[in-house]
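Data from entry32.txt: compact mmCIF, C-alpha atoms
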# COMPACT_ATOMS: atom_id res chain seq x y z
CA MET G 1 13.19 -12.86 -23.17
CA SER G 2 15.65 -9.94 -22.69
CA CYS G 3 18.31 -9.95 -20.01
CA THR G 4 16.77 -6.86 -18.39
CA LYS G 5 13.38 -8.54 -18.02
CA GLN G 6 14.97 -11.68 -16.64
CA ASN G 7 16.94 -9.72 -14.05
CA SER G 8 13.89 -7.65 -13.15
CA LEU G 9 11.74 -10.70 -12.55
CA LYS G 10 14.52 -12.46 -10.72
CA PHE G 11 14.86 -9.61 -8.27
CA LEU G 12 11.12 -9.30 -7.65
CA LEU G 13 10.59 -12.98 -7.08
CA PHE G 14 13.62 -13.18 -4.85
CA VAL G 15 12.17 -10.52 -2.56
CA PHE G 16 8.72 -12.12 -2.79
CA PHE G 17 9.81 -15.53 -1.54
CA VAL G 18 12.52 -14.45 0.85
CA SER G 19 9.84 -12.45 2.69
CA CYS G 20 7.69 -15.55 3.02
CA TYR G 21 10.63 -17.68 4.10
CA PHE G 22 11.72 -15.45 6.95
CA LEU G 23 8.20 -15.18 8.34
CA SER G 24 8.82 -18.48 10.09
CA ILE G 25 11.81 -16.94 11.87
CA ALA G 26 11.08 -13.32 12.71
CA GLN G 27 9.06 -10.29 11.65
CA LYS G 28 10.59 -6.85 11.18
CA ASN G 29 8.91 -3.96 9.39
CA GLU G 30 11.29 -1.73 7.45
CA LEU G 31 10.66 1.52 5.67
CA ALA G 32 11.09 1.26 1.90
CA ASN G 33 13.62 3.72 0.51
CA ARG G 34 11.33 5.43 -1.95
CA ASP G 35 8.97 8.35 -2.52
CA ALA G 36 5.20 8.13 -2.33
CA TYR G 37 2.62 7.51 -5.02
CA LEU G 38 0.89 10.73 -6.04
CA GLU G 39 -2.56 11.16 -7.52
CA ASN G 40 -4.52 14.29 -8.44
CA THR G 41 -8.24 13.83 -7.85
CA ASN G 42 -10.93 16.54 -8.04
CA GLN G 43 -8.45 19.35 -7.37
CA THR G 44 -7.03 17.55 -4.34
CA TYR G 45 -3.64 15.92 -4.06
CA LEU G 46 -3.51 12.35 -2.75
CA VAL G 47 -0.19 11.11 -1.35
CA LYS G 48 0.15 7.33 -0.94
CA LEU G 49 3.05 6.68 1.39
CA PRO G 50 5.15 3.48 1.41
CA ILE G 51 4.23 2.67 5.02
CA TRP G 52 1.15 0.90 6.40
CA GLY G 53 -0.91 1.74 3.30
CA ALA G 54 -1.04 5.33 4.53
CA GLU G 55 -2.87 7.87 2.36
CA VAL G 56 -2.99 11.62 3.02
CA THR G 57 -5.10 14.07 0.98
CA PHE G 58 -3.95 17.67 0.56
CA PRO G 59 -6.20 20.53 -0.69
CA GLY G 60 -3.69 21.25 -3.46
CA GLU G 61 -0.34 20.19 -4.86
CA ALA G 62 2.11 19.02 -2.18
CA PHE G 63 5.86 19.27 -2.71
CA TYR G 64 8.42 16.67 -1.71
CA ASN G 65 11.35 17.45 0.57
CA GLU G 66 14.09 15.63 2.47
CA THR G 67 15.76 16.89 5.64
CA SER G 68 18.24 15.47 8.12
CA ILE G 69 16.99 14.26 11.49
CA TYR G 70 19.01 13.16 14.50
CA THR G 71 18.29 9.72 15.98
CA SER G 72 20.10 7.54 18.51
CA LYS G 73 21.91 5.90 15.60
CA GLY G 74 23.08 9.19 14.15
CA VAL G 75 21.77 11.38 11.37
CA GLY G 76 18.84 9.98 9.39
CA THR G 77 16.56 11.23 6.62
CA GLN G 78 13.07 12.58 7.16
CA LYS G 79 10.93 12.56 4.01
CA SER G 80 7.99 14.92 3.77
CA TYR G 81 5.25 16.35 1.54
CA ASN G 82 4.23 19.96 2.14
CA TRP G 83 1.44 22.31 1.08
CA SER G 84 0.97 25.97 2.01
CA ASP G 85 -1.55 28.78 1.55
CA GLU G 86 0.12 32.16 2.02
CA SER G 87 -3.22 34.00 2.13
CA GLN G 88 -4.21 31.92 5.16
CA ASN G 89 -0.68 31.72 6.62
CA LEU G 90 -1.31 27.98 6.72
CA GLN G 91 1.05 25.04 6.18
CA LEU G 92 0.13 21.32 6.00
CA SER G 93 2.59 18.46 5.83
CA VAL G 94 3.13 14.74 6.29
CA SER G 95 6.56 13.32 7.10
CA TYR G 96 8.10 10.01 8.11
CA TYR G 97 11.42 8.56 9.23
CA THR G 98 12.92 5.48 10.86
CA GLN G 99 14.40 5.22 14.31
CA SER G 100 16.58 2.62 16.01
CA GLU G 101 14.03 1.41 18.57
CA VAL G 102 10.93 -0.65 17.86
CA ILE G 103 7.94 0.78 19.72
CA SER G 104 6.30 -1.26 22.49
CA THR G 105 4.14 -0.70 25.55
CA LYS G 106 7.31 -0.27 27.62
CA ASN G 107 8.87 2.52 25.58
CA GLU G 108 5.93 4.16 23.76
CA LYS G 109 5.83 7.20 26.05
CA GLU G 110 9.54 7.86 25.60
CA ILE G 111 9.33 7.45 21.81
CA PHE G 112 6.40 9.85 21.44
CA ALA G 113 8.03 12.33 23.85
CA ASP G 114 11.25 12.20 21.86
CA ALA G 115 9.40 12.84 18.59
CA ALA G 116 7.51 15.75 20.20
CA LYS G 117 10.74 17.22 21.59
CA LYS G 118 12.34 17.24 18.13
CA ILE G 119 9.32 19.11 16.75
CA ALA G 120 9.20 21.58 19.67
CA VAL G 121 12.87 22.49 19.23
CA ARG G 122 12.28 23.14 15.53
CA HIS G 123 9.27 25.41 16.21
CA ASP G 124 10.61 26.99 19.40
CA GLY G 125 7.70 26.12 21.68
CA MET G 126 6.49 23.89 24.52
CA PRO G 127 4.99 20.49 23.44
CA MET G 128 1.69 19.28 24.88
CA LEU G 129 1.12 15.59 24.18
CA GLY G 130 -2.25 13.89 24.37
CA THR G 131 -3.13 10.30 25.26
CA ILE G 132 -1.54 7.48 23.26
CA ILE G 133 -4.10 5.19 21.61
CA THR G 134 -3.85 2.22 19.25
CA ASN G 135 -6.08 2.45 16.18
CA LEU G 136 -7.80 -0.34 14.23
CA GLN G 137 -4.71 -0.83 12.06
CA ASN G 138 -2.63 -1.54 15.19
CA ILE G 139 -0.79 1.77 14.77
CA ARG G 140 -0.17 3.89 17.85
CA GLU G 141 -1.15 7.54 17.56
CA CYS G 142 -1.01 10.64 19.73
CA ARG G 143 -2.06 14.28 19.40
CA LEU G 144 0.50 17.05 19.80
CA LYS G 145 -0.07 20.80 20.23
CA ILE G 146 2.53 23.59 20.41
CA GLU G 147 2.12 27.34 20.81
CA THR G 148 5.30 28.88 19.46
CA LEU G 149 7.02 32.02 20.70
CA LYS G 150 6.16 33.60 17.35
CA GLY G 151 2.43 33.29 18.07
CA GLU G 152 1.93 30.40 15.62
CA GLN G 153 -0.25 27.40 16.42
CA TYR G 154 1.16 23.98 15.66
CA GLU G 155 -0.97 20.82 15.78
CA ALA G 156 -0.06 17.27 14.78
CA LYS G 157 -0.95 13.63 14.92
CA ILE G 158 2.07 11.42 15.51
CA TYR G 159 1.80 7.81 14.38
CA ALA G 160 4.21 5.00 15.32
CA LYS G 161 4.56 1.35 14.44
CA SER G 162 7.60 -0.91 14.51
CA ASN G 163 10.56 1.47 14.07
CA ILE G 164 8.75 4.04 11.90
CA ILE G 165 7.42 7.47 12.90
CA MET G 166 4.89 9.33 10.75
CA ILE G 167 3.78 12.90 11.50
CA VAL G 168 0.75 14.68 10.02
CA ASP G 169 0.85 18.33 11.05
CA VAL G 170 -0.42 21.87 10.50
CA LEU G 171 1.08 25.28 11.26
CA VAL G 172 -1.17 28.35 11.25
CA VAL G 173 -0.89 31.98 12.33
CA ASN G 174 -4.49 33.18 12.32
CA ARG G 175 -6.87 30.27 12.76
CA ASP G 176 -10.15 31.53 11.35
CA LYS G 177 -13.20 29.58 10.17
CA LYS G 178 -11.77 28.85 6.72
CA ALA G 179 -8.47 27.64 8.15
CA ASP G 180 -10.39 25.46 10.62
CA GLU G 181 -12.28 23.77 7.79
CA ILE G 182 -9.07 23.02 5.88
CA ILE G 183 -7.28 21.71 8.99
CA ASN G 184 -10.15 19.50 10.13
CA GLN G 185 -10.57 18.04 6.65
CA PHE G 186 -6.82 17.41 6.39
CA PHE G 187 -6.69 15.39 9.61
CA LYS G 188 -9.92 13.59 8.71
CA ASN G 189 -8.52 12.44 5.36
CA VAL G 190 -5.60 10.47 6.82
CA ASP G 191 -6.31 6.83 6.04
CA PHE G 192 -4.58 3.44 6.18
CA LYS G 193 -5.81 0.99 3.57
CA PRO G 194 -3.30 -1.27 1.77
CA LEU G 195 -6.20 -3.41 0.48
CA ASN G 196 -9.81 -3.91 1.44
CA ARG G 197 -9.73 -6.38 4.32
CA ASN G 198 -12.50 -7.81 6.44
CA VAL G 199 -12.10 -10.89 8.59
CA THR G 200 -15.28 -12.80 9.38
CA THR G 201 -15.75 -16.06 11.23
CA LYS G 202 -17.18 -19.06 9.45
CA THR G 203 -19.92 -21.01 11.14
CA ASN G 204 -19.12 -24.38 12.63
CA GLN G 205 -20.85 -27.13 10.65
CA ASP G 206 -20.70 -30.88 11.16
CA GLY G 207 -17.94 -30.66 13.73
CA ILE G 208 -15.54 -28.79 11.43
CA ALA G 209 -13.31 -26.38 13.34
CA VAL G 210 -14.16 -22.71 13.06
CA TRP G 211 -11.80 -20.87 10.68
CA ASP G 212 -11.52 -17.20 9.76
CA SER G 213 -12.12 -15.96 6.22
CA LEU G 214 -9.99 -13.18 4.79
CA PHE G 215 -11.87 -11.23 2.08
CA VAL G 216 -9.71 -9.10 -0.23
CA GLU G 217 -11.25 -7.38 -3.23
CA ASN G 218 -12.74 -10.20 -5.35
CA PHE G 219 -11.10 -13.21 -3.67
CA TYR G 220 -10.89 -14.77 -0.22
CA LEU G 221 -9.01 -17.39 1.75
CA THR G 222 -9.72 -19.22 5.02
CA PHE G 223 -7.12 -19.36 7.82
CA PRO G 224 -7.12 -21.44 11.04
CA GLN G 225 -7.28 -18.08 12.82
CA ALA G 226 -7.35 -14.40 11.86
CA PRO G 227 -4.12 -13.48 10.02
CA ILE G 228 -1.85 -10.47 10.47
CA SER G 229 -1.18 -8.15 7.53
CA ASN G 230 2.35 -7.25 6.45
CA HIS G 231 2.09 -5.15 3.28
CA LYS G 232 5.09 -3.52 1.62
CA LEU G 233 6.36 -1.61 -1.36
CA VAL G 234 9.48 -3.17 -2.82
CA THR G 235 11.86 -0.83 -4.63
CA SER G 236 14.49 -1.89 -7.14
CA LEU G 237 16.34 -0.35 -10.07
CA TYR G 238 13.38 -1.43 -12.19
CA GLY G 239 10.71 0.50 -10.29
CA ASP G 240 8.29 0.20 -7.38
CA ASN G 241 6.33 -2.99 -6.80
CA LYS G 242 3.41 -3.62 -4.48
CA TYR G 243 3.54 -6.66 -2.23
CA TYR G 244 0.64 -7.72 0.00
CA GLU G 245 0.96 -10.40 2.64
CA TRP G 246 -1.06 -11.99 5.44
CA TYR G 247 0.30 -14.60 7.82
CA MET G 248 -0.40 -16.45 11.06
CA ARG G 249 1.50 -18.85 13.30
CA ASP G 250 0.25 -21.59 15.56
CA GLN G 251 0.39 -21.16 19.32
CA ASN G 252 3.76 -22.90 19.54
CA ASN G 253 5.23 -20.57 16.88
CA LEU G 254 6.49 -23.58 14.92
CA ASN G 255 4.22 -23.57 11.87
CA THR G 256 3.48 -20.61 9.61
CA TYR G 257 0.62 -20.01 7.18
CA VAL G 258 1.30 -17.31 4.58
CA PHE G 259 -0.84 -15.79 1.84
CA SER G 260 0.77 -13.23 -0.44
CA VAL G 261 -0.30 -11.29 -3.52
CA MET G 262 1.64 -9.35 -6.14
CA PRO G 263 -0.13 -7.44 -8.94
CA PHE G 264 0.43 -8.97 -12.35
CA SER G 265 1.55 -5.57 -13.65
CA ASN G 266 4.78 -6.04 -11.67
CA PHE G 267 5.87 -8.64 -14.19
CA LYS G 268 5.47 -6.63 -17.39
CA THR G 269 4.75 -8.81 -20.43
CA LEU G 270 5.67 -12.23 -19.07
CA SER G 271 3.06 -14.97 -19.32
CA ALA G 272 1.45 -16.63 -16.30
CA THR G 273 3.31 -19.90 -16.92
CA GLN G 274 6.67 -18.13 -17.18
CA ILE G 275 6.03 -16.26 -13.94
CA ILE G 276 5.09 -19.42 -12.03
CA ASP G 277 8.08 -21.41 -13.34
CA LYS G 278 10.53 -18.61 -12.57
CA ASN G 279 8.84 -18.22 -9.22
CA ILE G 280 9.63 -21.81 -8.24
CA GLU G 281 13.20 -21.54 -9.49
CA GLU G 282 13.91 -18.42 -7.45
CA THR G 283 12.25 -19.90 -4.36
CA LEU G 284 14.70 -22.80 -4.37
CA ASN G 285 17.65 -20.49 -5.05
CA SER G 286 16.80 -17.96 -2.33
CA THR G 287 16.04 -20.53 0.38
CA LYS G 288 18.72 -23.05 -0.70
CA GLY G 289 15.91 -25.56 -0.69
CA LYS G 290 15.71 -28.99 -2.29
CA LEU G 291 12.69 -29.72 -4.45
CA VAL G 292 10.73 -32.73 -3.20
CA GLN G 293 7.68 -32.57 -5.47
CA GLU G 294 6.26 -30.36 -8.23
CA ARG G 295 2.93 -30.85 -9.99
CA ASP G 296 0.43 -29.00 -12.14
CA LEU G 297 -3.09 -28.71 -10.77
CA ASP G 298 -5.56 -28.72 -13.63
CA TYR G 299 -8.77 -28.56 -11.59
CA PHE G 300 -8.56 -24.77 -11.16
CA GLU G 301 -9.72 -22.20 -13.71
CA VAL G 302 -6.37 -20.38 -13.54
CA PRO G 303 -2.80 -21.71 -13.96
CA VAL G 304 -1.65 -23.34 -10.70
CA LYS G 305 1.39 -25.31 -9.58
CA GLU G 306 2.05 -26.95 -6.23
CA VAL G 307 5.55 -27.51 -4.90
CA ILE G 308 6.98 -29.17 -1.83
CA PHE G 309 10.56 -28.43 -0.90
CA LYS G 310 12.74 -28.70 2.17
CA THR G 311 15.54 -26.71 3.74
CA LYS G 312 17.88 -27.57 6.56
CA ASP G 313 15.33 -26.48 9.16
CA GLN G 314 11.85 -27.24 7.79
CA TYR G 315 9.52 -28.24 4.97
CA PHE G 316 7.49 -25.94 2.73
CA ARG G 317 4.38 -26.61 0.69
CA ALA G 318 3.09 -23.90 -1.61
CA ARG G 319 0.56 -23.31 -4.36
CA ILE G 320 1.21 -20.56 -6.87
CA PHE G 321 -1.79 -19.15 -8.73
CA CYS G 322 -1.76 -16.58 -11.52
CA ASP G 323 -4.81 -14.92 -13.03
CA LYS G 324 -5.01 -11.80 -15.23
CA ASN G 325 -4.69 -9.51 -12.19
CA ASN G 326 -2.32 -11.00 -9.62
CA LEU G 327 0.23 -13.62 -8.68
CA TYR G 328 -0.97 -15.46 -5.55
CA GLN G 329 1.00 -17.70 -3.22
CA VAL G 330 -0.58 -19.88 -0.52
CA LEU G 331 2.19 -21.38 1.58
CA VAL G 332 2.70 -23.40 4.76
CA SER G 333 6.01 -24.08 6.49
CA GLY G 334 6.70 -26.51 9.32
CA SER G 335 7.33 -30.19 9.89
CA LYS G 336 6.89 -32.81 7.18
CA ASP G 337 3.83 -34.26 8.93
CA LEU G 338 2.18 -30.85 9.25
CA ILE G 339 2.48 -29.79 5.60
CA LEU G 340 0.84 -33.05 4.47
CA GLY G 341 -1.97 -32.90 7.03
CA LYS G 342 -5.71 -32.32 6.61
CA ASP G 343 -5.61 -28.75 7.91
CA VAL G 344 -3.03 -27.79 5.32
CA ASN G 345 -5.08 -29.39 2.55
CA ARG G 346 -8.07 -27.37 3.71
CA TYR G 347 -5.98 -24.18 3.78
CA LEU G 348 -4.47 -24.70 0.32
CA ASP G 349 -7.90 -25.47 -1.14
CA GLY G 350 -9.36 -22.35 0.49
CA LEU G 351 -8.44 -19.68 -2.05
CA LYS G 352 -11.65 -18.75 -3.89
CA TRP G 353 -12.77 -16.05 -6.27
CA VAL G 354 -16.08 -14.24 -5.85
CA GLU G 355 -18.37 -14.82 -8.84

Would you mind writing the file's structure down as C-alpha cells?
Amino acid sequence: MSCTKQNSLKFLLFVFFVSCYFLSIAQKNELANRDAYLENTNQTYLVKLPIWGAEVTFPGEAFYNETSIYTSKGVGTQKSYNWSDESQNLQLSVSYYTQSEVISTKNEKEIFADAAKKIAVRHDGMPMLGTIITNLQNIRECRLKIETLKGEQYEAKIYAKSNIIMIVDVLVVNRDKKADEIINQFFKNVDFKPLNRNVTTKTNQDGIAVWDSLFVENFYLTFPQAPISNHKLVTSLYGDNKYYEWYMRDQNNLNTYVFSVMPFSNFKTLSATQIIDKNIEETLNSTKGKLVQERDLDYFEVPVKEVIFKTKDQYFRARIFCDKNNLYQVLVSGSKDLILGKDVNRYLDGLKWVE
C-alpha cells in the first residue's frame, strides 16, 4: 500500500475514533473549514452545507463568496452562496459563520439580535425580528425583515446551533407575483437531513426493558434511550469525508453509548479487513489505550472484530463492522463492570440490516 494511502487512512481513522473518545468527556460542535457540496438537479442548484446536514436549493447556479465578519473574538470569515436575477431585481443567498458564544436559552435573544444588527448595518435599515423557535432538528430559528432606505425589501431566516450562525435571505426591489413564488419556494426548500433518521420505541416483552430503535437507511440499532445525532464533515489534505454519529449517556453521565458510520468510499481501495485492522491500531494510538482483548466474530455476515481496551480513566468495548457500503462502529465506554454487562451485550448485538 502506498505511503499516501496509509497517511490518508491514518488521518481519517484518527479523527473517527478521537471523536468517539471525547464524547465521554464533552460535546462541542465545530464548523468544518470547507466549502459545500454542490449538485445540479432539474435546472436547480442544490447546496449541501457542512453544518447540520443543511441543504438549500437555488433556482439557478449559485456562486461562492467569502467576506470578513466582526465577532467578539475579532474578524472571522463568513462563507456564502449567492444567486441573482437582474430582471427581477432579486437576490437569494445562504451564508454561515462561527461566533465565540454557544447559544443557549439565556443568551439566544442577544445572539439573534446581534446577527440581525450586523445585517441591518450592511443594508442600511431597521431590523424587525420575529419569535425564536426551536425546530425538529433542535436548531433555533428566527425570521428577520428589513426595509432599507433604498426601498429594497430584505427578508431572512436566521438559524443558530452551538456556536454557528446560518442565514438564508432574500433581497428584492419590486416584489411581484413571480418574485413571490421564487422567494417562497427558496425558503421552503431549506432542509436539514444528514441521514434518514426515525426513532421508534420497541414494545416491552417478557419484562425486557423498553429500548429505542434508531433506523438509518437500510440498517438499525437499539439504544437504552433515544440517541442524539452529531454528524460532521471531516476535511483533510486528502479531501472531504462524511462522518455520522449518534450517542447517548446514562443519567449519571458516566457511561457513553456511541454508534458511528463512515461511508466505505472514504477509504478508497482498501479492503474491509485492512480498514478494520488499521482502525484498531489508530484507536489505541489516539487514545493511548492498552489492548485488553481482540477477537474475530464469525457469526455475522460481514467482517467484524471486537476489541476491549482501557485508558487511564475508563474502559472501552467496541465492535467494528464493514460491509460494501460503510464502516460501522458500535462502542461503549465506562467502568469495567459496565462494558461486560448484559445491557452492553444487548447493545452490541443490536446492529441489524433490513432484508

Atom CA of Asn189 of chain G to atom CA of Glu152 of chain G measures 23.2 Å

Margin query: Would you pick out the contacts of Pro227 of chain G at 12 Å or less, using all atoms listed in the file, so that residues sharing its chain but fewer than 2 positions from it are not included, and give the list as a list in words?
Written below: Arg197, Asn198, Val199, Thr200, Thr201, Trp211, Asp212, Ser213, Leu214, Phe215, Leu221, Thr222, Phe223, Pro224, Gln225, Ser229, Asn230, Glu245, Trp246, Tyr247, Met248, Arg249, Asp250, Thr256, Tyr257, Val258, Phe259 and Ser260 of chain G

Min atom-atom distance to Glu147 of chain G from the set G:Asn163, G:Val168, G:Val173, G:Ser68, counting all atoms listed in the file, belongs to G:Val173

Correct to one decimal, the distance atom CA of Arg175 of chain G-atom CA of Ile133 of chain G is 26.7 Å

Give me, as a VMD selection string, all polymer residues having an atom no more than 9 Å from Gly130 of chain G, counting only C-alpha atoms and skipping those fewer than 2 positions away in the same chain. chain G and resid 128 132 142 to 145

Item checked: Selection as a ChimeraX atom specification: residues within 12 Å of (-2.0, -13.9, -7.6), counting all atoms listed in the file -> /G:16,216,218-220,243-245,259-267,272,275-276,279,302-304,319-330,351-353

The distance between atom CA of Ile111 of chain G and atom CA of Phe63 of chain G is 27.4 Å

(message) Counting all atoms listed in the file, which residue out of G:Ile228, G:Leu338, G:Leu90, G:Leu129 sits closest to Lys117 of chain G?
(response)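 Of the candidates, the smallest distance to Lys117 of chain G is held by G:Leu129.
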
Original post:
Can you tell me, as a list in words, what residues are no more than 12 Å from Val75 of chain G when counting all atoms listed in the file, ignoring any on the same chain fewer than 4 positions away?
Top reply: Thr67, Ser68, Ile69, Tyr70, Thr71, Tyr97, Thr98, Gln99 and Ser100 of chain G

Please reconstruct the missing atoms of segment 208-227 of chain G (target: N, CA and C atoms) and return them as a short mmCIF file (atom, residue, chain, number, x, y, z; two decimals), keeping the file's coordinate frame.
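See out_26.cif below for the written result:
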data_model
loop_
_atom_site.label_atom_id
_atom_site.label_comp_id
_atom_site.auth_asym_id
_atom_site.auth_seq_id
_atom_site.Cartn_x
_atom_site.Cartn_y
_atom_site.Cartn_z
N ILE G 208 -16.75 -29.37 12.02
CA ILE G 208 -15.54 -28.79 11.43
C ILE G 208 -15.11 -27.58 12.24
N ALA G 209 -13.83 -27.48 12.52
CA ALA G 209 -13.31 -26.38 13.34
C ALA G 209 -13.61 -25.03 12.70
N VAL G 210 -13.87 -24.05 13.54
CA VAL G 210 -14.16 -22.71 13.06
C VAL G 210 -12.88 -22.09 12.51
N TRP G 211 -12.94 -21.57 11.28
CA TRP G 211 -11.80 -20.87 10.68
C TRP G 211 -12.23 -19.47 10.33
N ASP G 212 -11.25 -18.59 10.15
CA ASP G 212 -11.52 -17.20 9.76
C ASP G 212 -11.33 -17.02 8.27
N SER G 213 -12.20 -16.23 7.65
CA SER G 213 -12.12 -15.96 6.22
C SER G 213 -11.60 -14.56 5.98
N LEU G 214 -10.57 -14.46 5.17
CA LEU G 214 -9.99 -13.18 4.79
C LEU G 214 -10.54 -12.79 3.42
N PHE G 215 -11.30 -11.71 3.34
CA PHE G 215 -11.87 -11.23 2.08
C PHE G 215 -11.05 -10.05 1.58
N VAL G 216 -10.53 -10.15 0.37
CA VAL G 216 -9.71 -9.10 -0.23
C VAL G 216 -10.20 -8.88 -1.66
N GLU G 217 -10.75 -7.70 -1.90
CA GLU G 217 -11.25 -7.38 -3.23
C GLU G 217 -12.18 -8.49 -3.72
N ASN G 218 -11.82 -9.20 -4.80
CA ASN G 218 -12.74 -10.20 -5.35
C ASN G 218 -12.30 -11.64 -5.07
N PHE G 219 -11.51 -11.86 -4.02
CA PHE G 219 -11.10 -13.21 -3.67
C PHE G 219 -11.01 -13.33 -2.15
N TYR G 220 -10.99 -14.56 -1.66
CA TYR G 220 -10.89 -14.77 -0.22
C TYR G 220 -10.21 -16.09 0.08
N LEU G 221 -9.74 -16.20 1.31
CA LEU G 221 -9.01 -17.39 1.75
C LEU G 221 -9.32 -17.63 3.23
N THR G 222 -9.46 -18.90 3.62
CA THR G 222 -9.72 -19.22 5.02
C THR G 222 -8.42 -19.59 5.74
N PHE G 223 -8.27 -19.08 6.96
CA PHE G 223 -7.12 -19.36 7.82
C PHE G 223 -7.62 -20.08 9.09
N PRO G 224 -6.74 -20.85 9.75
CA PRO G 224 -7.12 -21.44 11.04
C PRO G 224 -7.47 -20.41 12.09
N GLN G 225 -6.91 -19.20 11.96
CA GLN G 225 -7.28 -18.08 12.82
C GLN G 225 -6.99 -16.80 12.06
N ALA G 226 -7.48 -15.67 12.59
CA ALA G 226 -7.35 -14.40 11.86
C ALA G 226 -5.88 -14.07 11.60
N PRO G 227 -5.52 -13.76 10.36
CA PRO G 227 -4.12 -13.48 10.02
C PRO G 227 -3.72 -12.03 10.32
#
